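Content type compact mmCIF, C-alpha atoms, from the file protein-v2.txt:
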```txt
# COMPACT_ATOMS: atom_id res chain seq x y z
CA MET P 1 -24.73 -32.46 -30.63
CA LEU P 2 -21.64 -33.86 -28.94
CA TRP P 3 -19.37 -31.14 -30.23
CA ARG P 4 -21.59 -28.44 -28.65
CA GLN P 5 -21.32 -30.15 -25.27
CA ALA P 6 -17.52 -29.94 -25.19
CA GLU P 7 -17.56 -26.48 -23.57
CA LYS P 8 -19.10 -27.98 -20.42
CA ILE P 9 -16.39 -30.53 -19.71
CA SER P 10 -12.71 -30.57 -18.80
CA PRO P 11 -10.06 -29.17 -21.18
CA ILE P 12 -8.59 -32.63 -21.76
CA LEU P 13 -11.93 -34.14 -22.75
CA LYS P 14 -12.73 -31.01 -24.76
CA ASN P 15 -9.60 -31.54 -26.85
CA LEU P 16 -10.64 -35.15 -27.41
CA TYR P 17 -14.09 -34.05 -28.54
CA ASN P 18 -12.49 -31.49 -30.82
CA MET P 19 -10.55 -34.25 -32.57
CA ILE P 20 -13.35 -36.79 -33.01
CA ALA P 21 -16.71 -35.00 -32.83
CA GLN P 22 -16.47 -31.52 -34.33
CA PRO P 23 -17.94 -30.76 -37.76
CA PRO P 24 -15.72 -29.73 -40.68
CA LYS P 25 -14.00 -26.37 -40.56
CA PRO P 26 -15.03 -23.60 -40.51
CA ASN P 27 -17.28 -24.27 -37.53
CA LEU P 28 -18.54 -22.50 -34.39
CA GLU P 29 -15.50 -23.18 -32.25
CA GLY P 30 -14.88 -20.14 -30.04
CA ASP P 31 -18.32 -18.59 -30.49
CA ARG P 32 -18.77 -18.19 -26.75
CA ASP P 33 -15.44 -16.34 -26.57
CA ILE P 34 -16.87 -13.70 -28.89
CA GLU P 35 -20.29 -13.54 -27.21
CA TYR P 36 -19.15 -13.60 -23.59
CA SER P 37 -16.35 -11.09 -24.13
CA TRP P 38 -18.75 -8.72 -25.88
CA ILE P 39 -21.36 -8.99 -23.12
CA SER P 40 -18.65 -8.48 -20.51
CA ALA P 41 -17.44 -5.35 -22.29
CA ASN P 42 -20.94 -3.87 -22.61
CA LEU P 43 -22.49 -4.90 -19.29
CA PRO P 44 -23.46 -1.80 -17.30
CA ALA P 45 -22.79 -1.48 -13.59
CA GLY P 46 -25.55 -2.03 -11.04
CA PRO P 47 -27.39 -1.69 -8.83
CA GLY P 48 -30.61 -2.92 -10.37
CA LYS P 49 -32.53 -6.07 -11.28
CA ALA P 50 -31.43 -8.29 -14.14
CA MET P 51 -32.39 -11.49 -15.95
CA ASP P 52 -30.12 -13.98 -17.67
CA PHE P 53 -32.55 -15.44 -20.22
CA GLY P 54 -31.76 -18.95 -21.41
CA CYS P 55 -28.87 -19.12 -18.98
CA ASN P 56 -27.99 -22.81 -19.43
CA PHE P 57 -24.67 -23.46 -17.67
CA GLY P 58 -23.18 -20.08 -18.59
CA TRP P 59 -21.69 -17.57 -16.16
CA MET P 60 -23.26 -14.35 -17.47
CA GLY P 61 -25.66 -14.29 -14.53
CA LEU P 62 -22.74 -14.51 -12.12
CA LEU P 63 -21.02 -11.69 -14.00
CA ALA P 64 -24.09 -9.46 -13.64
CA ALA P 65 -24.35 -10.32 -9.93
CA ARG P 66 -20.72 -9.33 -9.46
CA LYS P 67 -21.49 -6.04 -11.21
CA GLY P 68 -24.10 -5.22 -8.58
CA PHE P 69 -27.35 -6.60 -10.02
CA LYS P 70 -29.84 -8.90 -8.35
CA VAL P 71 -30.12 -11.56 -11.03
CA THR P 72 -32.77 -14.10 -11.95
CA ALA P 73 -31.45 -16.75 -14.35
CA VAL P 74 -34.19 -18.45 -16.39
CA ASP P 75 -34.07 -21.61 -18.49
CA LEU P 76 -36.42 -24.35 -19.68
CA LYS P 77 -34.05 -27.00 -18.38
CA PHE P 78 -32.88 -27.34 -14.79
CA THR P 79 -29.52 -25.67 -14.32
CA SER P 80 -26.99 -25.81 -11.52
CA TRP P 81 -23.59 -24.21 -11.17
CA SER P 82 -20.44 -25.00 -9.23
CA TYR P 83 -20.94 -21.83 -7.17
CA ARG P 84 -23.53 -19.86 -5.20
CA HIS P 85 -23.96 -16.09 -5.09
CA PRO P 86 -26.40 -14.25 -2.80
CA ASP P 87 -27.63 -12.09 -5.69
CA LEU P 88 -28.13 -14.90 -8.22
CA GLU P 89 -31.14 -17.20 -8.28
CA PHE P 90 -32.39 -19.76 -10.82
CA VAL P 91 -35.98 -20.13 -12.04
CA GLN P 92 -36.95 -23.00 -14.31
CA GLY P 93 -39.71 -22.18 -16.77
CA ASP P 94 -40.95 -20.96 -20.14
CA ILE P 95 -40.56 -17.22 -20.70
CA LEU P 96 -43.90 -17.26 -22.54
CA LYS P 97 -45.69 -18.74 -19.51
CA LEU P 98 -43.93 -17.27 -16.48
CA LYS P 99 -45.77 -14.50 -14.68
CA LEU P 100 -43.28 -11.65 -14.72
CA ALA P 101 -43.86 -8.15 -13.39
CA PRO P 102 -44.03 -5.51 -16.15
CA GLY P 103 -41.35 -2.84 -16.04
CA SER P 104 -39.41 -4.56 -13.26
CA LEU P 105 -35.97 -5.14 -14.79
CA ASP P 106 -33.06 -2.85 -15.59
CA LEU P 107 -31.09 -5.37 -17.63
CA ILE P 108 -31.65 -8.54 -19.67
CA ILE P 109 -28.87 -10.79 -20.94
CA ASN P 110 -30.13 -12.72 -23.96
CA CYS P 111 -27.13 -14.75 -25.13
CA SER P 112 -27.78 -17.16 -28.00
CA SER P 113 -31.23 -18.08 -26.68
CA ILE P 114 -33.98 -16.25 -28.55
CA GLU P 115 -33.30 -18.17 -31.79
CA HIS P 116 -34.56 -21.39 -30.16
CA VAL P 117 -37.89 -20.13 -28.80
CA GLY P 118 -40.86 -21.86 -30.41
CA LEU P 119 -38.89 -24.54 -32.27
CA ALA P 120 -40.29 -27.90 -31.26
CA GLY P 121 -38.05 -30.87 -30.55
CA ARG P 122 -35.27 -29.21 -28.59
CA PHE P 123 -34.99 -28.21 -24.92
CA GLY P 124 -38.21 -30.12 -24.21
CA VAL P 125 -40.39 -27.93 -26.46
CA ALA P 126 -43.33 -29.98 -27.72
CA GLU P 127 -45.52 -27.32 -29.35
CA ALA P 128 -44.14 -25.39 -32.33
CA ASN P 129 -44.62 -21.62 -32.53
CA ALA P 130 -43.23 -20.05 -35.69
CA GLU P 131 -43.44 -16.58 -34.15
CA GLY P 132 -42.16 -17.65 -30.72
CA ASP P 133 -38.98 -15.60 -30.98
CA PHE P 134 -40.92 -12.42 -31.77
CA THR P 135 -43.38 -13.10 -28.95
CA ALA P 136 -40.54 -13.71 -26.50
CA MET P 137 -38.84 -10.46 -27.50
CA SER P 138 -42.12 -8.65 -26.83
CA VAL P 139 -42.40 -10.30 -23.40
CA LEU P 140 -38.82 -9.38 -22.55
CA ASN P 141 -39.47 -5.82 -23.68
CA SER P 142 -42.51 -5.60 -21.43
CA ILE P 143 -40.62 -6.60 -18.27
CA LEU P 144 -37.87 -4.05 -18.81
CA LYS P 145 -38.10 -0.57 -17.42
CA VAL P 146 -38.18 2.32 -19.88
CA ASN P 147 -34.58 2.80 -21.09
CA GLY P 148 -33.72 -0.66 -19.76
CA ILE P 149 -30.92 -2.48 -21.58
CA MET P 150 -30.86 -5.83 -23.36
CA LEU P 151 -27.59 -7.45 -24.45
CA LEU P 152 -28.50 -9.77 -27.33
CA THR P 153 -26.41 -12.25 -29.29
CA ILE P 154 -27.88 -14.29 -32.18
CA PRO P 155 -26.94 -16.33 -35.25
CA VAL P 156 -26.86 -14.19 -38.41
CA GLY P 157 -26.56 -14.84 -42.12
CA ARG P 158 -29.10 -15.37 -44.86
CA ASP P 159 -32.51 -16.04 -43.31
CA LYS P 160 -32.89 -19.71 -42.49
CA ILE P 161 -34.39 -22.12 -39.97
CA PHE P 162 -32.57 -25.34 -39.14
CA SER P 163 -35.49 -27.57 -38.17
CA SER P 164 -35.62 -27.90 -34.38
CA MET P 165 -32.14 -26.45 -33.85
CA HIS P 166 -32.17 -22.68 -34.33
CA ARG P 167 -33.02 -19.76 -36.57
CA VAL P 168 -30.51 -17.64 -38.45
CA TYR P 169 -31.43 -13.96 -38.78
CA GLY P 170 -30.93 -12.11 -42.03
CA GLU P 171 -32.29 -9.16 -43.96
CA LYS P 172 -35.94 -10.25 -43.54
CA ARG P 173 -36.23 -11.62 -40.00
CA LEU P 174 -33.65 -9.50 -38.18
CA PRO P 175 -35.55 -6.16 -38.50
CA LYS P 176 -38.69 -7.88 -37.18
CA LEU P 177 -36.78 -9.25 -34.20
CA LEU P 178 -35.42 -5.80 -33.32
CA LEU P 179 -38.69 -3.94 -33.87
CA GLY P 180 -39.43 -1.64 -30.94
CA TRP P 181 -35.84 -1.45 -29.74
CA ASP P 182 -33.27 1.33 -29.98
CA ILE P 183 -29.96 -0.14 -31.20
CA LEU P 184 -27.16 1.47 -29.21
CA GLU P 185 -24.30 -0.77 -30.34
CA LYS P 186 -23.93 -3.62 -32.82
CA GLU P 187 -21.19 -5.90 -34.13
CA TYR P 188 -21.03 -8.73 -36.65
CA TRP P 189 -18.54 -11.60 -36.75
CA VAL P 190 -17.97 -14.50 -39.14
CA LYS P 191 -15.41 -17.29 -39.51
CA ASP P 192 -12.57 -16.85 -42.00
CA ASN P 193 -10.86 -19.60 -44.00
CA ASP P 194 -8.56 -20.34 -41.04
CA ASN P 195 -11.58 -20.97 -38.77
CA ARG P 196 -10.96 -17.77 -36.81
CA TRP P 197 -13.59 -15.23 -35.91
CA VAL P 198 -13.22 -11.87 -37.67
CA ARG P 199 -15.33 -8.73 -37.39
CA VAL P 200 -17.12 -7.74 -40.61
CA ASP P 201 -19.66 -5.24 -41.92
CA GLU P 202 -23.36 -5.97 -41.55
CA ALA P 203 -23.87 -6.61 -45.28
CA VAL P 204 -21.15 -9.25 -45.31
CA ALA P 205 -22.54 -11.06 -42.26
CA LEU P 206 -26.16 -11.03 -43.41
CA GLY P 207 -25.24 -12.09 -46.93
CA LYS P 208 -23.31 -15.20 -45.87
CA GLU P 209 -25.01 -18.57 -46.42
CA PRO P 210 -25.29 -20.28 -43.02
CA LEU P 211 -24.60 -23.91 -42.22
CA GLU P 212 -26.07 -25.82 -39.29
CA TYR P 213 -22.61 -25.92 -37.72
CA CYS P 214 -21.32 -22.53 -38.88
CA TYR P 215 -22.98 -19.12 -39.14
CA GLY P 216 -22.23 -15.53 -38.25
CA LEU P 217 -22.78 -13.83 -34.90
CA GLY P 218 -24.77 -10.65 -34.38
CA LEU P 219 -24.13 -8.75 -31.14
CA PHE P 220 -26.51 -5.98 -30.07
CA LYS P 221 -26.87 -3.56 -27.21
CA LEU P 222 -30.55 -2.59 -27.20
CA ARG P 223 -32.55 -0.06 -25.23
CA LYS P 224 -36.27 -0.20 -24.57
CA LEU P 225 -37.94 2.74 -26.24
```
What do you get writing this file as structure tokens?
Amino acid sequence: MLWRQAEKISPILKNLYNMIAQPPKPNLEGDRDIEYSWISANLPAGPGKAMDFGCNFGWMGLLAARKGFKVTAVDLKFTSWSYRHPDLEFVQGDILKLKLAPGSLDLIINCSSIEHVGLAGRFGVAEANAEGDFTAMSVLNSILKVNGIMLLTIPVGRDKIFSSMHRVYGEKRLPKLLLGWDILEKEYWVKDNDNRWVRVDEAVALGKEPLEYCYGLGLFKLRKL
């Protein structure tokens, strides 16, 4: 969608996109502000090895590198940044097919990525896998060291799948996604009537009917059991 691409371009063009291409309010405007600030606040200090899963054009991998981690950023699509860092490398590939060493990572950043895994028609995915998100979480668990940390952000609300776009995790699917993880911290955010993000209780977030262009955010600090 054009309105989701606005974050990658200049502020002037972003404002133009905001005027002509955004969906009705409330919408997801500012979602990355919530997710990135939360990850920044909860990111542990290195040293260690880390992965930025589904990195896209984001800067979470750079943040982890600056915190002392040696970071591998992974995405289905080729990604390049406007910077280089000696402790940040990019690997293009499918997390379900890459050969990754078990128990090799101290940290995984999983920012708004897991909800897309296995949904055909987006990011070049041709073969649908209804359980792809659960399988990917299991793979990510396996490559973490015992007591390794995952910082996870996902869409939340009443359980729903928006075709090839993304899943929304609610009372049924969310516990399955988090199975096998120790939840150290969690937060939930939704949009209010003024299109501003506000923090709410879990029941409020998971009970809200999601729209394709507006849903709640679930933020989790997880530890491998």
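Using all atoms listed in the file, the nearest neighbour of Val74 in chain P within the list P:Leu98, P:Leu184, P:Val204, P:Leu174 is P:Leu98.
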**Report entry** Which residue of P:Ala50, P:Ile161, P:Gly61, P:Ala136 approaches Tyr83 in chain P most closely, using all atoms listed in the file
**Finding:** P:Gly61
**Report entry** Minimum-distance residue to Gly207 in chain P, chosen among P:Pro44, P:Gly118, P:Pro86, P:Gly157 (using only C-alpha atoms)
**Finding:** P:Gly157
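Interatomic distance, CA of Asn195 in chain P against CA of Cys111 in chain P: 21.6 Å.
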Query - Å distance separating CA of Pro47 in chain P from CA of Lys67 in chain P, one decimal place - result: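 Between these atoms lies a distance of 7.7 Å.
The space separating CA of Ser37 in chain P from CA of Leu100 in chain P comes to 28.5 Å.
Residue nearest Met51 in chain P, chosen from P:Ala128, P:Met150, P:Ser80, P:Gly68 and counting all atoms listed in the file: P:Met150.
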Output as a Markdown table one row per residue of range 151-207 of chain P within 7 Å of range 25-35 of chain P: the closest atom pair and its distance in Å to one decimal place, counting only C-alpha atoms, sorted by chain and residue number ascending.
```
| residue | atom | partner | partner_atom | distance |
| --- | --- | --- | --- | --- |
| P:Thr153 | CA | P:Glu35 | CA | 6.6 |
| P:Lys191 | CA | P:Pro26 | CA | 6.4 |
| P:Asn193 | CA | P:Pro26 | CA | 6.8 |
| P:Asn195 | CA | P:Pro26 | CA | 4.7 |
```
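With distances restricted to only C-alpha atoms, P:Asp106 is the closest residue to Val146 in chain P from P:Glu171, P:Glu89, P:Asp194, P:Asp106.
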Report task. Might you pull out every residue within 9 Å of Trp81 in chain P, with all atoms listed in the file counted and same-chain residues fewer than 3 positions away left off, and present them as a list of chain:residue names? Result ->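 Residues meeting the cut-off are P:Phe57, P:Gly58, P:Trp59, P:Arg84.
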Starting from the point (-38.9, -12.7, -31.3), work out which residues of protein, DNA or RNA have an atom no more than 9 Å away when counting only C-alpha atoms; state them as a PDB file with C-alpha atoms, keeping the file's coordinate frame.
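The result, written out as part24.pdb:
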```
ATOM      1  CA  ILE P 114     -33.980 -16.250 -28.550  1.00  0.00           C
ATOM      2  CA  GLU P 115     -33.300 -18.170 -31.790  1.00  0.00           C
ATOM      3  CA  VAL P 117     -37.890 -20.130 -28.800  1.00  0.00           C
ATOM      4  CA  GLU P 131     -43.440 -16.580 -34.150  1.00  0.00           C
ATOM      5  CA  GLY P 132     -42.160 -17.650 -30.720  1.00  0.00           C
ATOM      6  CA  ASP P 133     -38.980 -15.600 -30.980  1.00  0.00           C
ATOM      7  CA  PHE P 134     -40.920 -12.420 -31.770  1.00  0.00           C
ATOM      8  CA  THR P 135     -43.380 -13.100 -28.950  1.00  0.00           C
ATOM      9  CA  ALA P 136     -40.540 -13.710 -26.500  1.00  0.00           C
ATOM     10  CA  MET P 137     -38.840 -10.460 -27.500  1.00  0.00           C
ATOM     11  CA  SER P 138     -42.120  -8.650 -26.830  1.00  0.00           C
ATOM     12  CA  VAL P 139     -42.400 -10.300 -23.400  1.00  0.00           C
ATOM     13  CA  LYS P 176     -38.690  -7.880 -37.180  1.00  0.00           C
ATOM     14  CA  LEU P 177     -36.780  -9.250 -34.200  1.00  0.00           C
ATOM     15  CA  LEU P 178     -35.420  -5.800 -33.320  1.00  0.00           C
TER      16      LEU P 178
END
```
List as JSON lines every residue of range 131-161 of chain P that is in contact with range 210-217 of chain P, defined as an atom at most 9 Å from one of its atoms (using all atoms listed in the file), together with the nearest atom pair and the distance in Å rounded to one decimal, sorted by chain and then rising number.
```
{"residue": "P:Thr153", "atom": "CA", "partner": "P:Leu217", "partner_atom": "CA", "distance": 6.9}
{"residue": "P:Ile154", "atom": "CA", "partner": "P:Leu217", "partner_atom": "CA", "distance": 5.8}
{"residue": "P:Pro155", "atom": "CA", "partner": "P:Leu217", "partner_atom": "CA", "distance": 4.9}
{"residue": "P:Val156", "atom": "CA", "partner": "P:Gly216", "partner_atom": "CA", "distance": 4.8}
{"residue": "P:Gly157", "atom": "CA", "partner": "P:Pro210", "partner_atom": "CA", "distance": 5.7}
{"residue": "P:Arg158", "atom": "CA", "partner": "P:Pro210", "partner_atom": "CA", "distance": 6.5}
{"residue": "P:Asp159", "atom": "CA", "partner": "P:Pro210", "partner_atom": "CA", "distance": 8.4}
{"residue": "P:Lys160", "atom": "CA", "partner": "P:Pro210", "partner_atom": "CA", "distance": 7.6}
```
